[in-house]
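*Asks:* What follows is a structure written as C-alpha cells; I'll ask about it next.
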Amino acid sequence: MISKIKILMATQTGSAEEVADEVKETIEAEGYSVDYHDLADESNLRFLSDATFLIGVVSTWGDGEPPDDAVPFFDLLRESPPMGFAKTPIAIMGLGDSGYDIFNGCGKELEKELIRHGGYSIIPRVDCDVWYEDELSQWLNDLRRTLASQGATLSSP
Ligand SMILES: Cc1cc2nc3c(=O)[nH]c(=O)nc-3n(C[C@H](O)[C@H](O)[C@H](O)COP(=O)(O)O)c2cc1C
C-alpha cells in the first residue's frame with residue numbers, strides 16, 4: 001500500500017527545486033500527502049526506510065555528478081549495503097543538458113542506486129534536456145495515474 005510518498009530533490013541553481021515544488025503541489029492537489037527532502041540536508045539514509053513511494057527530482061553537475069551539496073548523500077547511498085526496501089516503487093525525473101558527455105548522470109545514478117536498495121521503476125525515468133515543459137507535464141500525468149492505480153492512500157481531511 002502506498003502511504004508514505006517521499007520526494008528526493010537535489011539542485012544547484014534551483015530548477016530541480018522548482019520542478020519538485022510543482023510535483024509536490026500536483027500530488028497534494030490529488031489529495032495525497034507527501035514528504036519533501038532536499039538531499040543537501042540529509043546526513044543519513046534512515047528517512048528512506050519507511051518510504052512506500054519514492055520520487056526523485058535531481059539535476060546533474062560537473063562531469064555527470066550530483067549537485068555539490070548533495071554529493072555527501074550520494075556517497076552514502078553508493079557506499080551503503082542494500083537497504084532492502086520492500087519493492088518500493090520509484091519515479092525519477094532528471095534535469096540535465098544533452099550537450100554534456102554524461103547526460104543526466106545524477107538521475108541515472110539515483111535510479112540505479114534506489115533499485116540496488118530494493119526499489120523498482122514504476123514509471124520510466126525521464127531525462128530532461130534544456131527545455132522540458134512537455135516531458136514534465138506528461139510525467140506528472142503518468143505520476144497521477146500511477147498513484148491512483150496503485151491505490152495510494154489519500155491524506156485525511
Ligand atoms: C557547469 C555545469 C555542468 C553541468 N554538467 C552537466 C552534466 O554533466 N550532465 C548533464 O546532463 N547536465 C549538466 N549540466 C546542466 C544542468 O544539469 C542543467 O542546467 C539543469 O537544468 C540545472 O538544474 P538545477 O538548477 O536544478 O541545478 C551542467 C550545467 C553546468 C552549468
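Following the order of the C-alpha cells, first chain is A, next is B, and so on, with residues numbered from 1 inside each chain and ligands from 1 in the order they appear.
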Could you list the protein, DNA and RNA residues that have any atom within 7 Å of ligand 1, counting only C-alpha atoms and all ligand atoms, and write them as a list in words?
*Replies:*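 I would give the residues around ligand 1 as Ala10, Thr11, Gln12, Thr13, Gly14, Ser15, Ala16, Glu17, Val58, Ser59, Thr60, Trp61, Gly62, Asp63, Gly64, Glu65, Pro67, Leu95, Gly96, Asp97, Ser98, Tyr100, Asp101, Ile102, Phe103, Asn104, Gly105 and Val130 of chain A.
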*Asks:* Keeping N, CA and C atoms, export the residues of the selection given above as a PDB file, in the first residue's frame.
*Replies:*
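Saved to result.pdb:
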```
ATOM      1  N   ALA A  10      17.457  17.309  -5.498  1.00  0.00           N
ATOM      2  CA  ALA A  10      18.819  17.853  -5.441  1.00  0.00           C
ATOM      3  C   ALA A  10      18.979  18.878  -6.559  1.00  0.00           C
ATOM      4  N   THR A  11      19.465  20.045  -6.194  1.00  0.00           N
ATOM      5  CA  THR A  11      19.611  21.131  -7.167  1.00  0.00           C
ATOM      6  C   THR A  11      20.885  21.905  -6.906  1.00  0.00           C
ATOM      7  N   GLN A  12      21.356  22.573  -7.950  1.00  0.00           N
ATOM      8  CA  GLN A  12      22.477  23.501  -7.774  1.00  0.00           C
ATOM      9  C   GLN A  12      21.978  24.934  -7.939  1.00  0.00           C
ATOM     10  N   THR A  13      21.181  25.176  -8.951  1.00  0.00           N
ATOM     11  CA  THR A  13      20.758  26.553  -9.226  1.00  0.00           C
ATOM     12  C   THR A  13      19.242  26.716  -9.228  1.00  0.00           C
ATOM     13  N   GLY A  14      18.514  25.736  -8.689  1.00  0.00           N
ATOM     14  CA  GLY A  14      17.096  25.962  -8.404  1.00  0.00           C
ATOM     15  C   GLY A  14      16.081  25.356  -9.361  1.00  0.00           C
ATOM     16  N   SER A  15      16.508  24.896 -10.538  1.00  0.00           N
ATOM     17  CA  SER A  15      15.493  24.378 -11.474  1.00  0.00           C
ATOM     18  C   SER A  15      14.837  23.109 -10.944  1.00  0.00           C
ATOM     19  N   ALA A  16      15.638  22.190 -10.433  1.00  0.00           N
ATOM     20  CA  ALA A  16      15.054  20.944  -9.915  1.00  0.00           C
ATOM     21  C   ALA A  16      14.158  21.242  -8.716  1.00  0.00           C
ATOM     22  N   GLU A  17      14.498  22.276  -7.969  1.00  0.00           N
ATOM     23  CA  GLU A  17      13.649  22.633  -6.827  1.00  0.00           C
ATOM     24  C   GLU A  17      12.292  23.130  -7.316  1.00  0.00           C
ATOM     25  N   VAL A  58      16.180  15.490  -9.642  1.00  0.00           N
ATOM     26  CA  VAL A  58      17.571  15.886  -9.387  1.00  0.00           C
ATOM     27  C   VAL A  58      18.214  16.415 -10.667  1.00  0.00           C
ATOM     28  N   SER A  59      19.134  17.350 -10.494  1.00  0.00           N
ATOM     29  CA  SER A  59      19.900  17.828 -11.650  1.00  0.00           C
ATOM     30  C   SER A  59      21.299  17.231 -11.625  1.00  0.00           C
ATOM     31  N   THR A  60      22.026  17.408 -12.728  1.00  0.00           N
ATOM     32  CA  THR A  60      23.386  16.858 -12.866  1.00  0.00           C
ATOM     33  C   THR A  60      24.379  17.998 -13.062  1.00  0.00           C
ATOM     34  N   TRP A  61      25.541  17.889 -12.393  1.00  0.00           N
ATOM     35  CA  TRP A  61      26.576  18.924 -12.490  1.00  0.00           C
ATOM     36  C   TRP A  61      27.932  18.301 -12.719  1.00  0.00           C
ATOM     37  N   GLY A  62      28.941  19.158 -12.816  1.00  0.00           N
ATOM     38  CA  GLY A  62      30.312  18.658 -13.013  1.00  0.00           C
ATOM     39  C   GLY A  62      30.369  17.793 -14.259  1.00  0.00           C
ATOM     40  N   ASP A  63      30.986  16.627 -14.126  1.00  0.00           N
ATOM     41  CA  ASP A  63      31.003  15.650 -15.226  1.00  0.00           C
ATOM     42  C   ASP A  63      30.042  14.529 -14.886  1.00  0.00           C
ATOM     43  N   GLY A  64      28.772  14.810 -14.940  1.00  0.00           N
ATOM     44  CA  GLY A  64      27.766  13.789 -14.665  1.00  0.00           C
ATOM     45  C   GLY A  64      27.550  13.526 -13.193  1.00  0.00           C
ATOM     46  N   GLU A  65      27.856  14.533 -12.346  1.00  0.00           N
ATOM     47  CA  GLU A  65      27.767  14.313 -10.902  1.00  0.00           C
ATOM     48  C   GLU A  65      26.536  14.994 -10.274  1.00  0.00           C
ATOM     49  N   PRO A  67      24.526  17.623  -7.783  1.00  0.00           N
ATOM     50  CA  PRO A  67      24.797  18.990  -7.319  1.00  0.00           C
ATOM     51  C   PRO A  67      25.714  18.943  -6.088  1.00  0.00           C
ATOM     52  N   LEU A  95      17.131  16.367 -14.454  1.00  0.00           N
ATOM     53  CA  LEU A  95      17.307  17.588 -15.248  1.00  0.00           C
ATOM     54  C   LEU A  95      18.759  17.670 -15.683  1.00  0.00           C
ATOM     55  N   GLY A  96      18.970  17.874 -16.972  1.00  0.00           N
ATOM     56  CA  GLY A  96      20.339  17.954 -17.458  1.00  0.00           C
ATOM     57  C   GLY A  96      20.395  18.688 -18.787  1.00  0.00           C
ATOM     58  N   ASP A  97      21.465  18.430 -19.492  1.00  0.00           N
ATOM     59  CA  ASP A  97      21.710  19.097 -20.772  1.00  0.00           C
ATOM     60  C   ASP A  97      22.467  18.084 -21.632  1.00  0.00           C
ATOM     61  N   SER A  98      21.843  17.714 -22.753  1.00  0.00           N
ATOM     62  CA  SER A  98      22.429  16.649 -23.583  1.00  0.00           C
ATOM     63  C   SER A  98      23.722  17.099 -24.254  1.00  0.00           C
ATOM     64  N   TYR A 100      26.272  17.844 -22.596  1.00  0.00           N
ATOM     65  CA  TYR A 100      27.350  17.302 -21.747  1.00  0.00           C
ATOM     66  C   TYR A 100      27.529  15.810 -22.023  1.00  0.00           C
ATOM     67  N   ASP A 101      28.763  15.329 -21.795  1.00  0.00           N
ATOM     68  CA  ASP A 101      29.081  13.924 -22.109  1.00  0.00           C
ATOM     69  C   ASP A 101      28.207  12.952 -21.333  1.00  0.00           C
ATOM     70  N   ILE A 102      28.024  13.238 -20.025  1.00  0.00           N
ATOM     71  CA  ILE A 102      27.246  12.297 -19.203  1.00  0.00           C
ATOM     72  C   ILE A 102      25.888  12.939 -18.932  1.00  0.00           C
ATOM     73  N   PHE A 103      24.987  12.692 -19.884  1.00  0.00           N
ATOM     74  CA  PHE A 103      23.672  13.330 -19.822  1.00  0.00           C
ATOM     75  C   PHE A 103      22.872  12.748 -18.653  1.00  0.00           C
ATOM     76  N   ASN A 104      22.452  13.632 -17.745  1.00  0.00           N
ATOM     77  CA  ASN A 104      21.605  13.229 -16.620  1.00  0.00           C
ATOM     78  C   ASN A 104      22.226  12.140 -15.745  1.00  0.00           C
ATOM     79  N   GLY A 105      23.524  12.211 -15.553  1.00  0.00           N
ATOM     80  CA  GLY A 105      24.220  11.194 -14.762  1.00  0.00           C
ATOM     81  C   GLY A 105      23.644  11.039 -13.367  1.00  0.00           C
ATOM     82  N   VAL A 130      17.350  20.710 -21.980  1.00  0.00           N
ATOM     83  CA  VAL A 130      17.228  22.120 -21.603  1.00  0.00           C
ATOM     84  C   VAL A 130      15.762  22.589 -21.546  1.00  0.00           C
TER      85      VAL A 130
END
```
*Asks:* I need the residue nearest His117 in chain A from this list: A:Glu22, A:Glu79, A:Asp134, A:Glu28. Use only C-alpha atoms for the distance.
*Replies:*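 Of the candidates, the smallest distance to His117 in chain A is held by A:Glu79.
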*Asks:* Could you build a table of the residues in range 39-124 of chain A lying no more than 9 Å from range 143-151 of chain A, giving for each the nearest pair of atoms and their separation in Å rounded to one decimal place, using only C-alpha atoms, ordered by chain and ascending residue number, as a Markdown table?
*Replies:*
```
| residue | atom | partner | partner_atom | distance |
| --- | --- | --- | --- | --- |
| A:Phe53 | CA | A:Leu147 | CA | 9.0 |
| A:Ala91 | CA | A:Leu143 | CA | 7.9 |
| A:Ile122 | CA | A:Thr146 | CA | 7.9 |
| A:Ile123 | CA | A:Leu143 | CA | 7.4 |
```
*Asks:* Compare A:Lys24, A:Lys4, A:Arg125, A:Lys112 by their minimum atom-to-atom distance to Phe74 in chain A, counting only C-alpha atoms, and give me the closest one.
*Replies:*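 The shortest atom-to-atom distance to Phe74 in chain A comes from A:Lys112.
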*Asks:* By how many Å are CA of Ser155 in chain A and CA of Leu39 in chain A apart?
*Replies:*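 Atom-to-atom, CA of Ser155 in chain A and CA of Leu39 in chain A are spaced 24.2 Å apart.
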*Asks:* Output as an MDAnalysis selection string all residues of chain A that backbone DSSP marks as helix (DSSP H, G or I).
*Replies:* chainID A and resid 15:29 39:41 46:48 68:79 105:116 133:149
*Asks:* Name the closest residue to Arg116 in chain A among the candidates A:Ser43, A:Phe85, A:Ser137, A:Gly94; distances are taken between atoms, counting only C-alpha atoms.
*Replies:*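 Between A:Ser43, A:Phe85, A:Ser137, A:Gly94, the residue approaching Arg116 in chain A most closely is A:Phe85.
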*Asks:* Would you return as a list of chain:residue names the members of range 21-150 of chain A that DSSP assigns to strand (DSSP E) on this structure's backbone?
*Replies:*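 Selecting the strand (DSSP E) positions of range 21-150 of chain A gives A:Val34, A:Asp35, A:Tyr36, A:His37, A:Asp38, A:Phe53, A:Leu54, A:Ile55, A:Gly56, A:Val57, A:Val58, A:Ser59, A:Pro89, A:Ile90, A:Ala91, A:Ile92, A:Met93, A:Gly94, A:Leu95, A:Tyr120, A:Ser121, A:Val126, A:Asp127, A:Cys128.
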*Asks:* Just checking: using only C-alpha atoms, which residue out of A:Val57, A:Asn44, A:Ser33, A:Met93 ends up closest to Asp21 in chain A?
*Replies:*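 The answer is A:Val57, which sits nearest to Asp21 in chain A.
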